[in-house]
file target.pdb (PDB, C-alpha atoms, pLDDT in the B column)
ATOM      1  CA  MET A   1      66.423   5.091 146.718  1.00 77.00           C
ATOM      2  CA  LYS A   2      67.644   5.636 150.274  1.00 86.00           C
ATOM      3  CA  PRO A   3      69.889   8.504 151.275  1.00 92.00           C
ATOM      4  CA  GLN A   4      73.045   8.107 153.295  1.00 94.00           C
ATOM      5  CA  VAL A   5      74.726  10.809 155.330  1.00 96.00           C
ATOM      6  CA  ALA A   6      77.923  11.818 153.547  1.00 97.00           C
ATOM      7  CA  THR A   7      81.239  11.255 155.296  1.00 97.00           C
ATOM      8  CA  GLU A   8      84.783  12.425 154.634  1.00 97.00           C
ATOM      9  CA  ALA A   9      85.236   9.304 152.488  1.00 97.00           C
ATOM     10  CA  ASP A  10      82.552  10.648 150.103  1.00 97.00           C
ATOM     11  CA  VAL A  11      84.054  14.107 149.615  1.00 97.00           C
ATOM     12  CA  ALA A  12      85.910  13.476 146.333  1.00 98.00           C
ATOM     13  CA  ASP A  13      82.803  11.899 144.747  1.00 98.00           C
ATOM     14  CA  LEU A  14      80.609  14.687 146.112  1.00 97.00           C
ATOM     15  CA  VAL A  15      82.804  17.407 144.597  1.00 98.00           C
ATOM     16  CA  ALA A  16      82.979  15.541 141.284  1.00 98.00           C
ATOM     17  CA  LEU A  17      79.171  15.266 141.157  1.00 98.00           C
ATOM     18  CA  ARG A  18      78.584  18.934 141.981  1.00 97.00           C
ATOM     19  CA  ASN A  19      81.207  20.037 139.448  1.00 97.00           C
ATOM     20  CA  ALA A  20      79.687  17.809 136.737  1.00 97.00           C
ATOM     21  CA  ALA A  21      76.264  19.372 137.390  1.00 96.00           C
ATOM     22  CA  SER A  22      77.807  22.857 137.267  1.00 96.00           C
ATOM     23  CA  GLU A  23      79.626  22.114 133.995  1.00 97.00           C
ATOM     24  CA  HIS A  24      76.416  20.723 132.503  1.00 96.00           C
ATOM     25  CA  LEU A  25      74.508  23.930 133.308  1.00 95.00           C
ATOM     26  CA  THR A  26      77.349  26.058 131.947  1.00 95.00           C
ATOM     27  CA  LEU A  27      77.389  24.116 128.668  1.00 95.00           C
ATOM     28  CA  GLN A  28      73.607  24.439 128.374  1.00 94.00           C
ATOM     29  CA  PHE A  29      73.089  28.037 129.500  1.00 93.00           C
ATOM     30  CA  GLY A  30      76.481  29.733 129.409  1.00 93.00           C
ATOM     31  CA  LYS A  31      78.588  31.053 132.232  1.00 94.00           C
ATOM     32  CA  GLY A  32      76.696  32.193 135.306  1.00 90.00           C
ATOM     33  CA  PRO A  33      76.685  31.956 139.088  1.00 90.00           C
ATOM     34  CA  TRP A  34      76.103  28.194 138.668  1.00 92.00           C
ATOM     35  CA  SER A  35      79.509  27.858 136.934  1.00 92.00           C
ATOM     36  CA  GLY A  36      81.698  27.796 140.036  1.00 91.00           C
ATOM     37  CA  LYS A  37      83.951  24.866 140.836  1.00 94.00           C
ATOM     38  CA  GLY A  38      83.723  23.211 144.214  1.00 95.00           C
ATOM     39  CA  THR A  39      86.663  21.959 146.232  1.00 96.00           C
ATOM     40  CA  GLU A  40      87.138  19.173 148.728  1.00 97.00           C
ATOM     41  CA  ARG A  41      87.977  21.745 151.382  1.00 97.00           C
ATOM     42  CA  GLY A  42      84.693  23.563 150.682  1.00 95.00           C
ATOM     43  CA  ALA A  43      82.727  20.313 150.778  1.00 96.00           C
ATOM     44  CA  LEU A  44      84.265  19.356 154.117  1.00 96.00           C
ATOM     45  CA  PHE A  45      83.440  22.793 155.521  1.00 95.00           C
ATOM     46  CA  GLY A  46      79.844  22.371 154.267  1.00 94.00           C
ATOM     47  CA  MET A  47      79.591  19.115 156.183  1.00 95.00           C
ATOM     48  CA  THR A  48      80.331  20.977 159.417  1.00 94.00           C
ATOM     49  CA  ARG A  49      77.418  23.367 158.823  1.00 94.00           C
ATOM     50  CA  SER A  50      74.772  21.023 157.408  1.00 96.00           C
ATOM     51  CA  THR A  51      73.812  17.387 157.047  1.00 96.00           C
ATOM     52  CA  VAL A  52      74.791  16.315 153.542  1.00 97.00           C
ATOM     53  CA  TYR A  53      72.863  13.412 152.060  1.00 97.00           C
ATOM     54  CA  ILE A  54      74.011  11.312 149.136  1.00 97.00           C
ATOM     55  CA  PHE A  55      72.366   8.776 146.902  1.00 96.00           C
ATOM     56  CA  ARG A  56      74.322   6.002 145.227  1.00 96.00           C
ATOM     57  CA  ARG A  57      73.448   3.547 142.524  1.00 94.00           C
ATOM     58  CA  ARG A  58      75.859   0.625 142.237  1.00 91.00           C
ATOM     59  CA  ARG A  59      78.440   2.542 144.302  1.00 92.00           C
ATOM     60  CA  ARG A  60      78.276   5.566 141.955  1.00 95.00           C
ATOM     61  CA  LEU A  61      77.156   8.857 143.502  1.00 97.00           C
ATOM     62  CA  ILE A  62      74.125  10.096 141.541  1.00 97.00           C
ATOM     63  CA  ALA A  63      72.567  12.819 143.710  1.00 98.00           C
ATOM     64  CA  THR A  64      73.055  14.957 146.777  1.00 98.00           C
ATOM     65  CA  PHE A  65      71.394  17.628 148.876  1.00 97.00           C
ATOM     66  CA  ALA A  66      71.994  19.131 152.272  1.00 97.00           C
ATOM     67  CA  LEU A  67      69.677  20.228 155.067  1.00 97.00           C
ATOM     68  CA  THR A  68      70.604  22.817 157.631  1.00 97.00           C
ATOM     69  CA  MET A  69      68.950  24.870 160.318  1.00 96.00           C
ATOM     70  CA  ARG A  70      71.408  27.713 159.600  1.00 95.00           C
ATOM     71  CA  LYS A  71      69.958  30.387 157.362  1.00 96.00           C
ATOM     72  CA  PRO A  72      72.033  30.734 154.170  1.00 95.00           C
ATOM     73  CA  TRP A  73      73.357  34.229 153.470  1.00 91.00           C
ATOM     74  CA  ALA A  74      71.208  34.708 150.361  1.00 93.00           C
ATOM     75  CA  ILE A  75      67.957  34.076 152.257  1.00 96.00           C
ATOM     76  CA  ASP A  76      65.909  36.988 153.605  1.00 95.00           C
ATOM     77  CA  THR A  77      63.457  35.422 156.056  1.00 96.00           C
ATOM     78  CA  SER A  78      60.967  38.293 155.734  1.00 96.00           C
ATOM     79  CA  TYR A  79      59.677  36.697 152.515  1.00 97.00           C
ATOM     80  CA  PHE A  80      58.720  33.403 154.139  1.00 98.00           C
ATOM     81  CA  THR A  81      55.793  32.194 156.219  1.00 96.00           C
ATOM     82  CA  ALA A  82      56.461  32.565 159.940  1.00 95.00           C
ATOM     83  CA  SER A  83      58.097  29.360 161.095  1.00 93.00           C
ATOM     84  CA  ARG A  84      59.553  28.240 164.411  1.00 94.00           C
ATOM     85  CA  ARG A  85      61.701  25.435 162.992  1.00 96.00           C
ATOM     86  CA  PRO A  86      62.582  25.960 159.317  1.00 97.00           C
ATOM     87  CA  LEU A  87      65.100  23.814 157.481  1.00 97.00           C
ATOM     88  CA  TYR A  88      67.039  25.097 154.499  1.00 98.00           C
ATOM     89  CA  LEU A  89      67.702  22.849 151.531  1.00 98.00           C
ATOM     90  CA  ILE A  90      71.034  23.658 149.908  1.00 96.00           C
ATOM     91  CA  GLY A  91      73.565  22.124 147.550  1.00 94.00           C
ATOM     92  CA  MET A  92      71.196  19.884 145.608  1.00 96.00           C
ATOM     93  CA  ALA A  93      72.730  18.260 142.526  1.00 97.00           C
ATOM     94  CA  VAL A  94      71.870  15.315 140.309  1.00 97.00           C
ATOM     95  CA  ASP A  95      74.382  13.643 137.995  1.00 97.00           C
ATOM     96  CA  PRO A  96      73.661  15.010 134.502  1.00 97.00           C
ATOM     97  CA  LYS A  97      73.499  11.423 133.147  1.00 96.00           C
ATOM     98  CA  GLU A  98      70.733  10.679 135.652  1.00 95.00           C
ATOM     99  CA  GLN A  99      68.622  13.804 135.213  1.00 93.00           C
ATOM    100  CA  ARG A 100      64.999  13.634 134.037  1.00 91.00           C
ATOM    101  CA  LYS A 101      64.548  10.219 135.667  1.00 94.00           C
ATOM    102  CA  GLY A 102      62.727  11.363 138.813  1.00 94.00           C
ATOM    103  CA  ILE A 103      65.793  11.364 141.047  1.00 96.00           C
ATOM    104  CA  GLY A 104      65.530  15.063 141.908  1.00 96.00           C
ATOM    105  CA  ARG A 105      61.893  14.573 142.886  1.00 96.00           C
ATOM    106  CA  GLN A 106      62.896  11.613 145.065  1.00 95.00           C
ATOM    107  CA  CYS A 107      65.512  13.813 146.761  1.00 96.00           C
ATOM    108  CA  LEU A 108      62.876  16.420 147.610  1.00 96.00           C
ATOM    109  CA  GLU A 109      60.448  13.757 148.846  1.00 95.00           C
ATOM    110  CA  GLN A 110      63.186  12.401 151.113  1.00 95.00           C
ATOM    111  CA  ALA A 111      63.939  15.919 152.344  1.00 95.00           C
ATOM    112  CA  SER A 112      60.269  16.397 153.193  1.00 95.00           C
ATOM    113  CA  ARG A 113      60.138  13.106 155.127  1.00 94.00           C
ATOM    114  CA  MET A 114      63.313  14.028 156.987  1.00 93.00           C
ATOM    115  CA  ALA A 115      61.955  17.480 157.827  1.00 94.00           C
ATOM    116  CA  LYS A 116      58.900  15.933 159.466  1.00 92.00           C
ATOM    117  CA  LYS A 117      61.154  13.731 161.621  1.00 92.00           C
ATOM    118  CA  TRP A 118      63.647  16.521 162.399  1.00 90.00           C
ATOM    119  CA  PRO A 119      61.109  18.037 163.446  1.00 91.00           C
ATOM    120  CA  ALA A 120      60.814  21.060 161.187  1.00 96.00           C
ATOM    121  CA  ASP A 121      57.741  22.941 160.067  1.00 95.00           C
ATOM    122  CA  ALA A 122      59.052  24.278 156.736  1.00 97.00           C
ATOM    123  CA  ILE A 123      61.667  23.685 154.068  1.00 98.00           C
ATOM    124  CA  ARG A 124      63.069  26.809 152.456  1.00 98.00           C
ATOM    125  CA  LEU A 125      65.365  27.210 149.464  1.00 97.00           C
ATOM    126  CA  ASP A 126      66.436  29.584 146.749  1.00 96.00           C
ATOM    127  CA  ALA A 127      66.835  29.003 143.022  1.00 95.00           C
ATOM    128  CA  PHE A 128      68.362  31.089 140.258  1.00 94.00           C
ATOM    129  CA  ASP A 129      65.807  33.256 138.492  1.00 94.00           C
ATOM    130  CA  ALA A 130      67.382  32.449 135.128  1.00 90.00           C
ATOM    131  CA  GLU A 131      67.153  29.836 132.399  1.00 88.00           C
ATOM    132  CA  ALA A 132      69.524  27.626 134.378  1.00 86.00           C
ATOM    133  CA  GLY A 133      67.285  27.845 137.442  1.00 87.00           C
ATOM    134  CA  ALA A 134      65.089  24.994 138.611  1.00 92.00           C
ATOM    135  CA  ASP A 135      62.033  27.085 139.489  1.00 92.00           C
ATOM    136  CA  GLU A 136      59.542  25.023 137.458  1.00 94.00           C
ATOM    137  CA  PHE A 137      60.940  21.839 138.954  1.00 96.00           C
ATOM    138  CA  TYR A 138      60.420  23.114 142.509  1.00 97.00           C
ATOM    139  CA  ARG A 139      56.861  24.199 141.713  1.00 97.00           C
ATOM    140  CA  LYS A 140      56.058  20.749 140.273  1.00 96.00           C
ATOM    141  CA  CYS A 141      57.421  19.196 143.462  1.00 96.00           C
ATOM    142  CA  GLY A 142      55.052  21.165 145.682  1.00 96.00           C
ATOM    143  CA  PHE A 143      57.153  24.168 146.659  1.00 98.00           C
ATOM    144  CA  ARG A 144      55.508  27.594 146.650  1.00 98.00           C
ATOM    145  CA  GLU A 145      57.230  30.730 145.403  1.00 98.00           C
ATOM    146  CA  VAL A 146      57.338  33.368 148.137  1.00 98.00           C
ATOM    147  CA  GLY A 147      59.555  36.064 146.657  1.00 97.00           C
ATOM    148  CA  ARG A 148      62.059  37.280 144.092  1.00 97.00           C
ATOM    149  CA  VAL A 149      65.221  39.114 145.088  1.00 96.00           C
ATOM    150  CA  ARG A 150      68.662  40.083 143.867  1.00 94.00           C
ATOM    151  CA  TYR A 151      71.556  38.818 145.939  1.00 92.00           C
ATOM    152  CA  ARG A 152      75.043  39.943 144.874  1.00 89.00           C
ATOM    153  CA  ASP A 153      73.661  40.795 141.419  1.00 89.00           C
ATOM    154  CA  ASN A 154      72.131  37.314 141.065  1.00 90.00           C
ATOM    155  CA  PRO A 155      68.362  37.135 140.633  1.00 95.00           C
ATOM    156  CA  LEU A 156      66.895  34.513 142.959  1.00 96.00           C
ATOM    157  CA  ILE A 157      63.491  33.022 143.630  1.00 97.00           C
ATOM    158  CA  TYR A 158      62.633  31.952 147.165  1.00 98.00           C
ATOM    159  CA  PHE A 159      60.559  28.798 147.639  1.00 98.00           C
ATOM    160  CA  GLU A 160      59.058  27.089 150.663  1.00 98.00           C
ATOM    161  CA  MET A 161      57.112  23.999 151.546  1.00 97.00           C
ATOM    162  CA  LEU A 162      55.290  23.787 154.837  1.00 96.00           C
ATOM    163  CA  VAL A 163      55.570  20.337 156.430  1.00 93.00           C
TER     164      VAL A 163
END

call {"tool": "encode", "arguments": {"input": "target.pdb", "output": "structure tokens"}}
result
Amino acid sequence: MKPQVATEADVADLVALRNAASEHLTLQFGKGPWSGKGTERGALFGMTRSTVYIFRRRRRLIATFALTMRKPWAIDTSYFTASRRPLYLIGMAVDPKEQRKGIGRQCLEQASRMAKKWPADAIRLDAFDAEAGADEFYRKCGFREVGRVRYRDNPLIYFEMLV
């Protein structure tokens, strides 16, 4: 599976994928900070602040993530290993129909390969510290927990992978 950089032509599919993932989590775990609905305007704005990657299978969007050098608001860098060139992984989503098939792991492997070429020396991210969070998934994929915080009343876990 090879990623493509998302373009304006992908925005509607990108929003639909992220909203389907959000709805899936809400059905499974109830309403939470993961329950928000994305918009095309928000997705376009995100593309100006990060590089958004998409994965398609037979023209259907099945996964996405974004990499950015801009520190997300919810990240407190004091928890992380000192790094001169960190990348932040944000906005990862896998189509609920495609989950548990290794696609999320492939996304993170691609992100790691891209980070090495960027060049970056770390990938940082946050995950919800709740049932709907993907903390076990990130650990299985080689990320190390570096801290737990509350951001706007949402419990988060910070993860990093040195590359």

call {"tool": "resolve_selection", "arguments": {"input": "target.pdb", "expression": "the PyMOL selection byres ((chain A and resi 93-102) around 9)", "output": "PDB file with C-alpha atoms, in the frame of the given file"}}
result
ATOM      1  CA  LEU A  17      79.171  15.266 141.157  1.00 98.00           C
ATOM      2  CA  ARG A  18      78.584  18.934 141.981  1.00 97.00           C
ATOM      3  CA  ALA A  20      79.687  17.809 136.737  1.00 97.00           C
ATOM      4  CA  ALA A  21      76.264  19.372 137.390  1.00 96.00           C
ATOM      5  CA  SER A  22      77.807  22.857 137.267  1.00 96.00           C
ATOM      6  CA  HIS A  24      76.416  20.723 132.503  1.00 96.00           C
ATOM      7  CA  LEU A  61      77.156   8.857 143.502  1.00 97.00           C
ATOM      8  CA  ILE A  62      74.125  10.096 141.541  1.00 97.00           C
ATOM      9  CA  ALA A  63      72.567  12.819 143.710  1.00 98.00           C
ATOM     10  CA  THR A  64      73.055  14.957 146.777  1.00 98.00           C
ATOM     11  CA  PHE A  65      71.394  17.628 148.876  1.00 97.00           C
ATOM     12  CA  GLY A  91      73.565  22.124 147.550  1.00 94.00           C
ATOM     13  CA  MET A  92      71.196  19.884 145.608  1.00 96.00           C
ATOM     14  CA  ILE A 103      65.793  11.364 141.047  1.00 96.00           C
ATOM     15  CA  GLY A 104      65.530  15.063 141.908  1.00 96.00           C
ATOM     16  CA  ARG A 105      61.893  14.573 142.886  1.00 96.00           C
ATOM     17  CA  GLN A 106      62.896  11.613 145.065  1.00 95.00           C
ATOM     18  CA  CYS A 107      65.512  13.813 146.761  1.00 96.00           C
TER      19      CYS A 107
END

call {"tool": "residues_around", "arguments": {"input": "target.pdb", "residues": "Trp73 (chain A)", "least_positions_apart": "3", "cutoff": "10 Å", "atoms": "all atoms listed in the file", "output": "ChimeraX atom specification"}}
result
/A:70,76,151

call {"tool": "write_last_selection", "arguments": {"input": "target.pdb", "atoms": "C-alpha atoms", "output": "compact mmCIF listing (two decimals), in the coordinates of the input"}}
result
# COMPACT_ATOMS: atom_id res chain seq x y z
CA ARG A 70 71.41 27.71 159.60
CA ASP A 76 65.91 36.99 153.60
CA TYR A 151 71.56 38.82 145.94

call {"tool": "residues_near_point", "arguments": {"input": "target.pdb", "point": "(81.0, 3.8, 141.0)", "cutoff": "12 Å", "atoms": "all atoms listed in the file", "output": "PDB file with C-alpha atoms, in the frame of the given file"}}
result
ATOM      1  CA  ASP A  10      82.552  10.648 150.103  1.00 97.00           C
ATOM      2  CA  ASP A  13      82.803  11.899 144.747  1.00 98.00           C
ATOM      3  CA  ALA A  16      82.979  15.541 141.284  1.00 98.00           C
ATOM      4  CA  LEU A  17      79.171  15.266 141.157  1.00 98.00           C
ATOM      5  CA  PHE A  55      72.366   8.776 146.902  1.00 96.00           C
ATOM      6  CA  ARG A  56      74.322   6.002 145.227  1.00 96.00           C
ATOM      7  CA  ARG A  57      73.448   3.547 142.524  1.00 94.00           C
ATOM      8  CA  ARG A  58      75.859   0.625 142.237  1.00 91.00           C
ATOM      9  CA  ARG A  59      78.440   2.542 144.302  1.00 92.00           C
ATOM     10  CA  ARG A  60      78.276   5.566 141.955  1.00 95.00           C
ATOM     11  CA  LEU A  61      77.156   8.857 143.502  1.00 97.00           C
ATOM     12  CA  ILE A  62      74.125  10.096 141.541  1.00 97.00           C
TER      13      ILE A  62
END

call {"tool": "residues_around", "arguments": {"input": "target.pdb", "residues": "region 153-157 of chain A", "least_positions_apart": "2", "cutoff": "6 Å", "atoms": "only C-alpha atoms", "output": "list in words"}}
result
Asp126, Ala127, Phe128, Asp129, Gly147, Arg148, Val149, Arg150 and Tyr151 of chain A

call {"tool": "residues_around", "arguments": {"input": "target.pdb", "residues": "region 115-121 of chain A", "least_positions_apart": "3", "cutoff": "6 Å", "atoms": "all atoms listed in the file", "output": "number ranges by chain"}}
result
A: 85-86, 112, 162-163

call {"tool": "atom_distance", "arguments": {"input": "target.pdb", "atom1": "CA of Leu87 (chain A)", "atom2": "CA of Leu14 (chain A)"}}
result
21.3 Å

call {"tool": "atom_distance", "arguments": {"input": "target.pdb", "atom1": "CA of Leu108 (chain A)", "atom2": "CA of Cys141 (chain A)"}}
result
7.4 Å

call {"tool": "atom_distance", "arguments": {"input": "target.pdb", "atom1": "CA of Ala6 (chain A)", "atom2": "CA of Ala74 (chain A)"}}
result
24.1 Å

call {"tool": "axis_aligned_box", "arguments": {"input": "target.pdb", "around": "region 62-78 of chain A", "padding_each_side": "4 Å", "output": "lines of an AutoDock Vina configuration file"}}
result
center_x = 67.5
center_y = 24.2
center_z = 150.9
size_x = 21.2
size_y = 36.2
size_z = 26.8

call {"tool": "residues_around", "arguments": {"input": "target.pdb", "residues": "Thr77 (chain A)", "least_positions_apart": "6", "cutoff": "10 Å", "atoms": "only C-alpha atoms", "output": "PyMOL selection string"}}
result
chain A and resi 71+83+124+158

call {"tool": "resolve_selection", "arguments": {"input": "target.pdb", "expression": "the PyMOL selection byres ((chain A and resi 36) around 10)", "output": "PyMOL selection string"}}
result
chain A and resi 18-19+22-23+26+31-35+37-39

call {"tool": "decode", "arguments": {"input": "target.pdb", "residues": "region 131-157 of chain A", "atoms": "N, CA and C atoms", "output": "PDB file, in the first residue's frame"}}
result
ATOM      1  N   GLU A 131     -11.237   4.349  26.723  1.00  0.00           N
ATOM      2  CA  GLU A 131     -11.509   3.109  25.995  1.00  0.00           C
ATOM      3  C   GLU A 131     -11.401   3.288  24.487  1.00  0.00           C
ATOM      4  N   ALA A 132     -11.809   4.445  24.005  1.00  0.00           N
ATOM      5  CA  ALA A 132     -11.769   4.709  22.561  1.00  0.00           C
ATOM      6  C   ALA A 132     -10.364   5.027  22.062  1.00  0.00           C
ATOM      7  N   GLY A 133      -9.418   5.172  22.955  1.00  0.00           N
ATOM      8  CA  GLY A 133      -8.053   5.503  22.571  1.00  0.00           C
ATOM      9  C   GLY A 133      -7.333   4.326  21.940  1.00  0.00           C
ATOM     10  N   ALA A 134      -6.283   4.621  21.214  1.00  0.00           N
ATOM     11  CA  ALA A 134      -5.523   3.599  20.499  1.00  0.00           C
ATOM     12  C   ALA A 134      -4.180   3.338  21.159  1.00  0.00           C
ATOM     13  N   ASP A 135      -4.096   3.505  22.481  1.00  0.00           N
ATOM     14  CA  ASP A 135      -2.799   3.401  23.149  1.00  0.00           C
ATOM     15  C   ASP A 135      -2.147   2.040  22.978  1.00  0.00           C
ATOM     16  N   GLU A 136      -2.880   0.966  23.092  1.00  0.00           N
ATOM     17  CA  GLU A 136      -2.287  -0.375  22.913  1.00  0.00           C
ATOM     18  C   GLU A 136      -1.781  -0.559  21.487  1.00  0.00           C
ATOM     19  N   PHE A 137      -2.528  -0.049  20.540  1.00  0.00           N
ATOM     20  CA  PHE A 137      -2.127  -0.130  19.139  1.00  0.00           C
ATOM     21  C   PHE A 137      -0.778   0.564  18.929  1.00  0.00           C
ATOM     22  N   TYR A 138      -0.628   1.777  19.464  1.00  0.00           N
ATOM     23  CA  TYR A 138       0.629   2.499  19.286  1.00  0.00           C
ATOM     24  C   TYR A 138       1.793   1.772  19.955  1.00  0.00           C
ATOM     25  N   ARG A 139       1.553   1.202  21.117  1.00  0.00           N
ATOM     26  CA  ARG A 139       2.617   0.429  21.785  1.00  0.00           C
ATOM     27  C   ARG A 139       3.038  -0.763  20.920  1.00  0.00           C
ATOM     28  N   LYS A 140       2.071  -1.485  20.369  1.00  0.00           N
ATOM     29  CA  LYS A 140       2.373  -2.651  19.532  1.00  0.00           C
ATOM     30  C   LYS A 140       3.137  -2.257  18.271  1.00  0.00           C
ATOM     31  N   CYS A 141       2.969  -1.017  17.848  1.00  0.00           N
ATOM     32  CA  CYS A 141       3.644  -0.532  16.644  1.00  0.00           C
ATOM     33  C   CYS A 141       4.993   0.116  16.944  1.00  0.00           C
ATOM     34  N   GLY A 142       5.455   0.020  18.182  1.00  0.00           N
ATOM     35  CA  GLY A 142       6.795   0.486  18.503  1.00  0.00           C
ATOM     36  C   GLY A 142       6.896   1.869  19.115  1.00  0.00           C
ATOM     37  N   PHE A 143       5.770   2.499  19.394  1.00  0.00           N
ATOM     38  CA  PHE A 143       5.799   3.805  20.045  1.00  0.00           C
ATOM     39  C   PHE A 143       5.926   3.606  21.552  1.00  0.00           C
ATOM     40  N   ARG A 144       6.584   4.561  22.197  1.00  0.00           N
ATOM     41  CA  ARG A 144       6.827   4.500  23.637  1.00  0.00           C
ATOM     42  C   ARG A 144       6.022   5.604  24.317  1.00  0.00           C
ATOM     43  N   GLU A 145       5.311   5.221  25.375  1.00  0.00           N
ATOM     44  CA  GLU A 145       4.575   6.215  26.154  1.00  0.00           C
ATOM     45  C   GLU A 145       5.574   7.087  26.903  1.00  0.00           C
ATOM     46  N   VAL A 146       5.351   8.419  26.830  1.00  0.00           N
ATOM     47  CA  VAL A 146       6.248   9.338  27.530  1.00  0.00           C
ATOM     48  C   VAL A 146       5.521  10.218  28.541  1.00  0.00           C
ATOM     49  N   GLY A 147       4.208  10.166  28.577  1.00  0.00           N
ATOM     50  CA  GLY A 147       3.498  10.977  29.560  1.00  0.00           C
ATOM     51  C   GLY A 147       1.998  10.885  29.426  1.00  0.00           C
ATOM     52  N   ARG A 148       1.329  11.283  30.508  1.00  0.00           N
ATOM     53  CA  ARG A 148      -0.137  11.359  30.546  1.00  0.00           C
ATOM     54  C   ARG A 148      -0.510  12.743  31.046  1.00  0.00           C
ATOM     55  N   VAL A 149      -1.432  13.381  30.343  1.00  0.00           N
ATOM     56  CA  VAL A 149      -1.836  14.743  30.675  1.00  0.00           C
ATOM     57  C   VAL A 149      -3.346  14.903  30.488  1.00  0.00           C
ATOM     58  N   ARG A 150      -3.841  16.016  30.964  1.00  0.00           N
ATOM     59  CA  ARG A 150      -5.217  16.427  30.668  1.00  0.00           C
ATOM     60  C   ARG A 150      -5.116  17.692  29.821  1.00  0.00           C
ATOM     61  N   TYR A 151      -5.793  17.681  28.701  1.00  0.00           N
ATOM     62  CA  TYR A 151      -5.838  18.851  27.839  1.00  0.00           C
ATOM     63  C   TYR A 151      -7.301  19.173  27.591  1.00  0.00           C
ATOM     64  N   ARG A 152      -7.744  20.341  28.021  1.00  0.00           N
ATOM     65  CA  ARG A 152      -9.154  20.740  27.901  1.00  0.00           C
ATOM     66  C   ARG A 152     -10.085  19.647  28.434  1.00  0.00           C
ATOM     67  N   ASP A 153      -9.787  19.149  29.590  1.00  0.00           N
ATOM     68  CA  ASP A 153     -10.560  18.097  30.270  1.00  0.00           C
ATOM     69  C   ASP A 153     -10.527  16.745  29.563  1.00  0.00           C
ATOM     70  N   ASN A 154      -9.665  16.573  28.587  1.00  0.00           N
ATOM     71  CA  ASN A 154      -9.528  15.285  27.901  1.00  0.00           C
ATOM     72  C   ASN A 154      -8.231  14.619  28.333  1.00  0.00           C
ATOM     73  N   PRO A 155      -8.312  13.413  28.891  1.00  0.00           N
ATOM     74  CA  PRO A 155      -7.079  12.716  29.254  1.00  0.00           C
ATOM     75  C   PRO A 155      -6.375  12.187  28.007  1.00  0.00           C
ATOM     76  N   LEU A 156      -5.094  12.499  27.902  1.00  0.00           N
ATOM     77  CA  LEU A 156      -4.296  12.102  26.741  1.00  0.00           C
ATOM     78  C   LEU A 156      -3.065  11.332  27.187  1.00  0.00           C
ATOM     79  N   ILE A 157      -2.572  10.505  26.278  1.00  0.00           N
ATOM     80  CA  ILE A 157      -1.295   9.828  26.458  1.00  0.00           C
ATOM     81  C   ILE A 157      -0.390  10.304  25.323  1.00  0.00           C
TER      82      ILE A 157
END
